[in-house]
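Q: Supplied structure: query_16.pdb, PDB, C-alpha atoms.
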ATOM      1  CA  MET A  46     -22.572   6.385 -24.746
ATOM      2  CA  SER A  47     -22.485   8.340 -21.501
ATOM      3  CA  MET A  48     -24.754   5.834 -19.728
ATOM      4  CA  VAL A  49     -22.311   3.017 -20.482
ATOM      5  CA  THR A  50     -19.306   4.925 -19.188
ATOM      6  CA  THR A  51     -21.213   6.028 -16.077
ATOM      7  CA  TYR A  52     -22.242   2.515 -15.178
ATOM      8  CA  LEU A  53     -18.823   1.138 -16.071
ATOM      9  CA  SER A  54     -17.074   3.683 -13.889
ATOM     10  CA  TRP A  55     -19.489   3.008 -11.035
ATOM     11  CA  ALA A  56     -18.839  -0.718 -11.331
ATOM     12  CA  LEU A  57     -15.084  -0.141 -11.373
ATOM     13  CA  LEU A  58     -15.276   2.178  -8.369
ATOM     14  CA  VAL A  59     -17.322  -0.291  -6.354
ATOM     15  CA  LEU A  60     -15.073  -3.203  -7.279
ATOM     16  CA  GLY A  61     -11.994  -1.112  -6.466
ATOM     17  CA  GLY A  62     -13.465  -0.194  -3.098
ATOM     18  CA  PHE A  63     -14.292  -3.813  -2.368
ATOM     19  CA  LEU A  64     -10.760  -4.885  -3.277
ATOM     20  CA  CYS A  65      -9.368  -2.154  -1.052
ATOM     21  CA  VAL A  66     -11.306  -3.433   1.947
ATOM     22  CA  SER A  67     -10.652  -7.108   1.247
ATOM     23  CA  GLY A  68      -6.948  -6.424   0.792
ATOM     24  CA  SER A  69      -6.618  -4.612   4.085
ATOM     25  CA  VAL A  70      -8.639  -7.318   5.855
ATOM     26  CA  GLY A  71      -6.051  -9.696   4.438
ATOM     27  CA  LEU A  72      -3.369  -7.367   5.764
ATOM     28  CA  LEU A  73      -4.794  -7.945   9.241
ATOM     29  CA  ARG A  74      -5.540 -11.600   9.169
ATOM     30  CA  PHE A  75      -2.534 -13.164   7.476
ATOM     31  CA  PRO A  76      -0.143 -14.911   9.891
ATOM     32  CA  ASP A  77       3.212 -13.798   8.578
ATOM     33  CA  PHE A  78       4.851 -10.637   7.306
ATOM     34  CA  PHE A  79       5.494 -11.943   3.795
ATOM     35  CA  THR A  80       1.923 -13.159   3.360
ATOM     36  CA  ARG A  81       0.716  -9.761   4.507
ATOM     37  CA  MET A  82       2.838  -8.210   1.804
ATOM     38  CA  HIS A  83       0.849 -10.182  -0.751
ATOM     39  CA  ALA A  84      -2.403  -8.829   0.637
ATOM     40  CA  ALA A  85      -1.030  -5.304   0.684
ATOM     41  CA  SER A  86       0.235  -5.478  -2.877
ATOM     42  CA  VAL A  87      -3.166  -6.723  -4.074
ATOM     43  CA  THR A  88      -4.724  -3.520  -2.808
ATOM     44  CA  ASP A  89      -1.829  -1.379  -3.998
ATOM     45  CA  THR A  90      -1.965  -2.444  -7.604
ATOM     46  CA  LEU A  91      -5.371  -3.747  -8.645
ATOM     47  CA  ALA A  92      -7.654  -1.703  -6.401
ATOM     48  CA  THR A  93      -5.758   1.481  -7.188
ATOM     49  CA  GLY A  94      -5.893   0.667 -10.882
ATOM     50  CA  MET A  95      -9.609   0.002 -10.821
ATOM     51  CA  ILE A  96     -10.497   3.129  -8.885
ATOM     52  CA  LEU A  97      -8.277   5.340 -11.023
ATOM     53  CA  VAL A  98      -9.681   3.894 -14.268
ATOM     54  CA  GLY A  99     -13.154   4.382 -12.807
ATOM     55  CA  LEU A 100     -12.268   8.020 -12.196
ATOM     56  CA  MET A 101     -10.794   8.330 -15.679
ATOM     57  CA  LEU A 102     -14.140   7.438 -17.226
ATOM     58  CA  GLN A 103     -15.704  10.375 -15.431
ATOM     59  CA  ALA A 104     -12.892  12.819 -16.102
ATOM     60  CA  PRO A 105     -14.429  16.135 -17.294
ATOM     61  CA  THR A 106     -11.448  17.353 -19.341
ATOM     62  CA  TRP A 107      -8.477  15.823 -21.155
ATOM     63  CA  ILE A 108      -6.016  17.360 -18.685
ATOM     64  CA  VAL A 109      -7.658  15.529 -15.801
ATOM     65  CA  PHE A 110      -7.611  12.344 -17.853
ATOM     66  CA  GLY A 111      -3.902  12.802 -18.573
ATOM     67  CA  LYS A 112      -3.108  13.433 -14.917
ATOM     68  CA  LEU A 113      -4.968  10.302 -13.917
ATOM     69  CA  VAL A 114      -3.043   8.263 -16.492
ATOM     70  CA  MET A 115       0.237   9.617 -15.123
ATOM     71  CA  ILE A 116      -0.779   8.838 -11.553
ATOM     72  CA  LEU A 117      -1.833   5.318 -12.505
ATOM     73  CA  VAL A 118       1.406   4.603 -14.366
ATOM     74  CA  PHE A 119       3.443   6.046 -11.490
ATOM     75  CA  VAL A 120       1.669   4.059  -8.776
ATOM     76  CA  LEU A 121       1.809   0.855 -10.807
ATOM     77  CA  LEU A 122       5.569   1.349 -11.195
ATOM     78  CA  THR A 123       6.471   2.405  -7.684
ATOM     79  CA  SER A 124       4.360   0.247  -5.384
ATOM     80  CA  PRO A 125       5.852  -3.067  -6.562
ATOM     81  CA  THR A 126       9.291  -1.500  -6.301
ATOM     82  CA  ALA A 127       8.579  -0.395  -2.747
ATOM     83  CA  GLY A 128       7.252  -3.870  -1.957
ATOM     84  CA  HIS A 129      10.399  -5.442  -3.352
ATOM     85  CA  ALA A 130      12.646  -3.103  -1.362
ATOM     86  CA  LEU A 131      10.608  -3.880   1.755
ATOM     87  CA  ALA A 132      10.963  -7.639   1.280
ATOM     88  CA  LYS A 133      14.680  -7.346   0.593
ATOM     89  CA  ALA A 134      15.226  -5.231   3.701
ATOM     90  CA  ALA A 135      13.172  -7.646   5.818
ATOM     91  CA  LEU A 136      15.037 -10.705   4.558
ATOM     92  CA  HIS A 137      18.362  -8.909   4.879
ATOM     93  CA  SER A 138      17.671  -8.168   8.521
ATOM     94  CA  GLY A 139      16.899 -11.790   9.317
ATOM     95  CA  LEU A 140      13.100 -11.968   9.160
ATOM     96  CA  LYS A 141      12.354 -15.561   8.215
ATOM     97  CA  PRO A 142       9.252 -16.372   6.124
ATOM     98  CA  LEU A 143       6.799 -18.837   7.613
ATOM     99  CA  LEU A 144       7.617 -21.824   5.401
ATOM    100  CA  PRO A 145       6.113 -25.117   6.652
ATOM    101  CA  GLY A 146       8.619 -27.966   6.654
ATOM    102  CA  LYS A 147      11.564 -26.004   5.219
ATOM    103  CA  GLY A 148      12.925 -24.898   8.565
ATOM    104  CA  GLY A 149      10.790 -21.758   8.676
ATOM    105  CA  LYS A 150       9.269 -22.725  12.019
ATOM    106  CA  ILE A 151       6.365 -20.709  13.433
ATOM    107  CA  ASP A 152       8.586 -19.333  16.196
ATOM    108  CA  ALA A 153      11.868 -19.301  14.255
ATOM    109  CA  ASP A 154      14.525 -17.274  16.023
ATOM    110  CA  PRO A 155      15.615 -14.941  13.181
ATOM    111  CA  ARG A 156      18.089 -12.913  15.242
ATOM    112  CA  PRO A 157      21.302 -12.687  13.170
ATOM    113  CA  SER A 158      23.436 -13.264  16.279
ATOM    114  CA  ALA A 159      21.611 -16.531  16.895
ATOM    115  CA  GLY A 160      22.565 -17.761  13.445
ATOM    116  CA  GLY A 161      19.092 -17.023  12.202
ATOM    117  CA  VAL A 162      20.318 -15.539   8.924
TER     118      VAL A 162
ATOM    119  CA  MET B 100     -20.854   6.511  -6.064
ATOM    120  CA  PHE B 101     -17.773   8.418  -5.111
ATOM    121  CA  THR B 102     -18.871   8.381  -1.489
ATOM    122  CA  ALA B 103     -19.080   4.587  -1.553
ATOM    123  CA  ALA B 104     -15.549   4.335  -2.895
ATOM    124  CA  ALA B 105     -14.349   6.978  -0.422
ATOM    125  CA  ILE B 106     -15.893   5.070   2.500
ATOM    126  CA  ALA B 107     -14.282   1.832   1.295
ATOM    127  CA  VAL B 108     -10.896   3.540   1.071
ATOM    128  CA  LEU B 109     -11.380   5.024   4.566
ATOM    129  CA  VAL B 110     -12.161   1.576   5.973
ATOM    130  CA  ALA B 111      -9.037   0.241   4.275
ATOM    131  CA  MET B 112      -6.989   3.044   5.835
ATOM    132  CA  ALA B 113      -8.412   2.294   9.287
ATOM    133  CA  LEU B 114      -7.508  -1.387   8.930
ATOM    134  CA  ALA B 115      -4.024  -0.457   7.755
ATOM    135  CA  LEU B 116      -3.642   1.685  10.879
ATOM    136  CA  VAL B 117      -4.690  -1.265  13.037
ATOM    137  CA  ARG B 118      -1.982  -3.333  11.369
ATOM    138  CA  ALA B 119       0.499  -0.477  11.887
ATOM    139  CA  TYR B 120      -0.337  -0.467  15.608
ATOM    140  CA  ALA B 121      -0.426  -4.210  16.082
ATOM    141  CA  GLY B 122       2.341  -5.122  13.661
ATOM    142  CA  PRO B 123       4.907  -7.191  15.617
ATOM    143  CA  THR B 124       7.927  -6.447  13.501
ATOM    144  CA  LEU B 125       9.194  -3.144  12.218
ATOM    145  CA  TYR B 126       8.559  -4.191   8.642
ATOM    146  CA  ASP B 127       4.848  -4.799   9.267
ATOM    147  CA  ARG B 128       4.635  -1.197  10.373
ATOM    148  CA  ILE B 129       6.454   0.068   7.302
ATOM    149  CA  LEU B 130       4.162  -2.054   5.119
ATOM    150  CA  ALA B 131       1.085  -0.638   6.862
ATOM    151  CA  VAL B 132       2.352   2.916   6.399
ATOM    152  CA  ASN B 133       2.980   2.159   2.742
ATOM    153  CA  VAL B 134      -0.567   0.852   2.294
ATOM    154  CA  PHE B 135      -1.905   3.874   4.178
ATOM    155  CA  GLY B 136       0.000   6.206   1.874
ATOM    156  CA  THR B 137      -1.329   4.509  -1.239
ATOM    157  CA  LYS B 138      -4.846   4.737   0.123
ATOM    158  CA  THR B 139      -4.353   8.438   0.812
ATOM    159  CA  VAL B 140      -3.465   8.832  -2.839
ATOM    160  CA  LEU B 141      -6.773   7.218  -3.747
ATOM    161  CA  LEU B 142      -8.752   9.146  -1.174
ATOM    162  CA  ILE B 143      -7.531  12.546  -2.362
ATOM    163  CA  ALA B 144      -8.291  11.615  -5.970
ATOM    164  CA  ILE B 145     -11.816  10.515  -5.054
ATOM    165  CA  VAL B 146     -12.445  13.584  -2.883
ATOM    166  CA  GLY B 147     -11.152  15.726  -5.726
ATOM    167  CA  PHE B 148     -13.778  14.257  -7.993
ATOM    168  CA  LEU B 149     -16.400  14.363  -5.232
ATOM    169  CA  THR B 150     -16.014  18.102  -4.724
ATOM    170  CA  GLY B 151     -15.590  18.730  -8.438
ATOM    171  CA  ARG B 152     -12.106  20.224  -8.098
ATOM    172  CA  PRO B 153      -9.654  18.571 -10.550
ATOM    173  CA  GLU B 154      -6.652  20.448  -9.054
ATOM    174  CA  PHE B 155      -6.556  17.800  -6.342
ATOM    175  CA  LEU B 156      -4.890  15.483  -8.835
ATOM    176  CA  ASP B 157      -1.710  17.564  -8.595
ATOM    177  CA  ILE B 158      -1.705  16.903  -4.861
ATOM    178  CA  VAL B 159      -2.222  13.234  -5.576
ATOM    179  CA  MET B 160       0.803  13.144  -7.863
ATOM    180  CA  VAL B 161       3.017  14.826  -5.267
ATOM    181  CA  TYR B 162       1.739  12.515  -2.571
ATOM    182  CA  ALA B 163       2.404   9.394  -4.623
ATOM    183  CA  LEU B 164       5.996  10.567  -5.135
ATOM    184  CA  MET B 165       6.428  11.334  -1.434
ATOM    185  CA  ASN B 166       4.967   8.010  -0.341
ATOM    186  CA  PHE B 167       7.432   6.085  -2.449
ATOM    187  CA  ILE B 168      10.445   8.120  -1.389
ATOM    188  CA  THR B 169       9.448   7.840   2.272
ATOM    189  CA  VAL B 170       9.251   4.049   2.183
ATOM    190  CA  ILE B 171      12.581   3.759   0.395
ATOM    191  CA  GLY B 172      14.158   6.229   2.845
ATOM    192  CA  ILE B 173      12.936   4.335   5.901
ATOM    193  CA  LEU B 174      14.100   1.027   4.467
ATOM    194  CA  ARG B 175      17.488   2.400   3.573
ATOM    195  CA  PHE B 176      17.807   3.607   7.175
ATOM    196  CA  PHE B 177      16.769   0.381   8.835
ATOM    197  CA  GLU B 178      18.276  -2.081   6.418
ATOM    198  CA  TYR B 179      21.857  -1.083   7.122
ATOM    199  CA  SER B 180      21.337  -0.820  10.880
ATOM    200  CA  VAL B 181      21.359  -4.626  11.095
ATOM    201  CA  SER B 182      25.138  -4.737  11.637
ATOM    202  CA  HIS B 183      24.685  -3.722  15.287
ATOM    203  CA  ALA B 184      21.928  -6.308  15.729
ATOM    204  CA  SER B 185      20.765  -4.862  19.055
ATOM    205  CA  ALA B 186      19.116  -1.891  17.331
ATOM    206  CA  ASN B 187      17.008  -4.212  15.277
ATOM    207  CA  SER B 188      16.664  -7.328  17.345
ATOM    208  CA  GLU B 189      14.125  -6.021  19.842
ATOM    209  CA  THR B 190      11.669  -5.387  17.032
ATOM    210  CA  ILE B 191      12.159  -8.898  15.735
ATOM    211  CA  LYS B 192      12.253 -10.601  19.129
ATOM    212  CA  GLU B 193       8.645  -9.651  19.854
ATOM    213  CA  GLN B 194       7.406 -11.485  16.698
TER     214      GLN B 194
END
What is this file in structure tokens?

A:
Amino acid sequence: MSMVTTYLSWALLVLGGFLCVSGSVGLLRFPDFFTRMHAASVTDTLATGMILVGLMLQAPTWIVFGKLVMILVFVLLTSPTAGHALAKAALHSGLKPLLPGKGGKIDADPRPSAGGV
Amino acid sequence: MFTAAAIAVLVAMALALVRAYAGPTLYDRILAVNVFGTKTVLLIAIVGFLTGRPEFLDIVMVYALMNFITVIGILRFFEYSVSHASANSETIKEQ
């Protein structure tokens, strides 16, 4: 039984690490703020979940397992909320998403005074 | 195996810092700081397991709480400063 959990946790850790890196590469390469938010939230939720579950499989005691479950539940609840608050604040302050064809020009002038909102 | 995951998380943090530095608008920087905070949560958990000290998970819990509150605090500050657009426009103008 322990071999299976060891290999499973290793696989989860490696996949979580890969998702972390790919997400932050996406954070760098995407053209627009709102697309970068997608890349960031991929790393925030799935990679964190994978790595924490990978750690759970190797947890020595039940207390450590319980703490990891609490951390996972907390992060999975708060990071989407933070992402939502971030998007709302950005939109509220006039940051236009990069929508082709629907007026969201590449160099849209989102300043509220210029009627950007 | 923990070292591989720790290295991956460190690379992710470095890339998030690059985005924080390069980010044109203010909100890119807040997003990068948020990603950096979440990765710190992961890094401390992994290092806790790496060094065989499970108490690190308490630090991770506190840090996850702080990261969330920080992002919400910053947003609350900047979101309602849009009324006097000058405070916010120079960050958006450079997009």

Q: Just so the selection is clear, what residues does the PyMOL selection byres ((chain B) within 6 of (chain A)) cover here, as a ChimeraX atom specification?

A: /B:104,107,111,114,118,160,178,181

Q: Just write the chosen residues, C-alpha atoms, as a short mmCIF file (atom, residue, chain, number, x, y, z; two decimals), in the coordinates of the input.

A:
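Contents of again_32.cif, as written:
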data_model
loop_
_atom_site.label_atom_id
_atom_site.label_comp_id
_atom_site.auth_asym_id
_atom_site.auth_seq_id
_atom_site.Cartn_x
_atom_site.Cartn_y
_atom_site.Cartn_z
CA ALA B 104 -15.55 4.34 -2.90
CA ALA B 107 -14.28 1.83 1.30
CA ALA B 111 -9.04 0.24 4.28
CA LEU B 114 -7.51 -1.39 8.93
CA ARG B 118 -1.98 -3.33 11.37
CA MET B 160 0.80 13.14 -7.86
CA GLU B 178 18.28 -2.08 6.42
CA VAL B 181 21.36 -4.63 11.10
#

Q: Go through the shown structure with the PyMOL selection byres ((chain B and resi 112) around 8) and write out the matching residues as a list of chain:residue names.

A: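 For this structure, the PyMOL selection byres ((chain B and resi 112) around 8) resolves to A:Ser69, B:Val108, B:Leu109, B:Val110, B:Ala111, B:Ala113, B:Leu114, B:Ala115, B:Leu116, B:Val134, B:Phe135, B:Lys138, B:Thr139.
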
Q: I need the chosen residues saved as a CSV table (one decimal), in the coordinates of the input, with C-alpha atoms.

A:
chain,number,residue,atom,x,y,z
A,69,SER,CA,-6.6,-4.6,4.1
B,108,VAL,CA,-10.9,3.5,1.1
B,109,LEU,CA,-11.4,5.0,4.6
B,110,VAL,CA,-12.2,1.6,6.0
B,111,ALA,CA,-9.0,0.2,4.3
B,113,ALA,CA,-8.4,2.3,9.3
B,114,LEU,CA,-7.5,-1.4,8.9
B,115,ALA,CA,-4.0,-0.5,7.8
B,116,LEU,CA,-3.6,1.7,10.9
B,134,VAL,CA,-0.6,0.9,2.3
B,135,PHE,CA,-1.9,3.9,4.2
B,138,LYS,CA,-4.8,4.7,0.1
B,139,THR,CA,-4.4,8.4,0.8

Q: In Å, how far is it from CA of Ile106 (chain B) to CA of Gly136 (chain B)?

A: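 Distance reported for this atom pair: 15.9 Å.
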
Q: Enter the distance from CA of Phe167 (chain B) to CA of Leu144 (chain A), in Å, rounded to one decimal.

A: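 Spanning CA of Phe167 (chain B) to CA of Leu144 (chain A) is a straight-line distance of 29.0 Å.
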
Q: Give me the residues near Val146 (chain B) as a JSON list (two decimals) with C-alpha atoms, keeping the file's coordinate frame, where near means some atom within 12 Å (using all atoms listed in the file) and where sequence neighbours in that chain fewer than 5 positions away do not count.

A:
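Just written: selection-v8.json:
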[["chain", "number", "residue", "atom", "x", "y", "z"],
["A", 100, "LEU", "CA", -12.27, 8.02, -12.20],
["B", 100, "MET", "CA", -20.85, 6.51, -6.06],
["B", 101, "PHE", "CA", -17.77, 8.42, -5.11],
["B", 102, "THR", "CA", -18.87, 8.38, -1.49],
["B", 103, "ALA", "CA", -19.08, 4.59, -1.55],
["B", 104, "ALA", "CA", -15.55, 4.34, -2.90],
["B", 105, "ALA", "CA", -14.35, 6.98, -0.42],
["B", 106, "ILE", "CA", -15.89, 5.07, 2.50],
["B", 108, "VAL", "CA", -10.90, 3.54, 1.07],
["B", 109, "LEU", "CA", -11.38, 5.02, 4.57],
["B", 139, "THR", "CA", -4.35, 8.44, 0.81],
["B", 140, "VAL", "CA", -3.46, 8.83, -2.84],
["B", 141, "LEU", "CA", -6.77, 7.22, -3.75],
["B", 151, "GLY", "CA", -15.59, 18.73, -8.44],
["B", 152, "ARG", "CA", -12.11, 20.22, -8.10],
["B", 153, "PRO", "CA", -9.65, 18.57, -10.55],
["B", 154, "GLU", "CA", -6.65, 20.45, -9.05],
["B", 155, "PHE", "CA", -6.56, 17.80, -6.34],
["B", 156, "LEU", "CA", -4.89, 15.48, -8.84],
["B", 158, "ILE", "CA", -1.70, 16.90, -4.86],
["B", 159, "VAL", "CA", -2.22, 13.23, -5.58]]

Q: Take CA of Thr137 (chain B) and CA of Thr150 (chain B) and report the distance between them in Å, one decimal.

A: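 Computing the Euclidean distance for CA of Thr137 (chain B) and CA of Thr150 (chain B) yields 20.3 Å.
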
Q: List the neighbours of Thr169 (chain B) out to 10 Å using all atoms listed in the file; skip same-chain residues closer than 5 positions along the sequence, and give me the result as a PyMOL selection string.

A: (chain A and resi 127) or (chain B and resi 129+132-133+136+163-164+174-175)

Q: When you count only C-alpha atoms, which of these residues is closest to Val98 (chain A): B:Ala144, B:Leu125, B:Val161, B:Val170?

A: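 The shortest atom-to-atom distance to Val98 (chain A) comes from B:Ala144.
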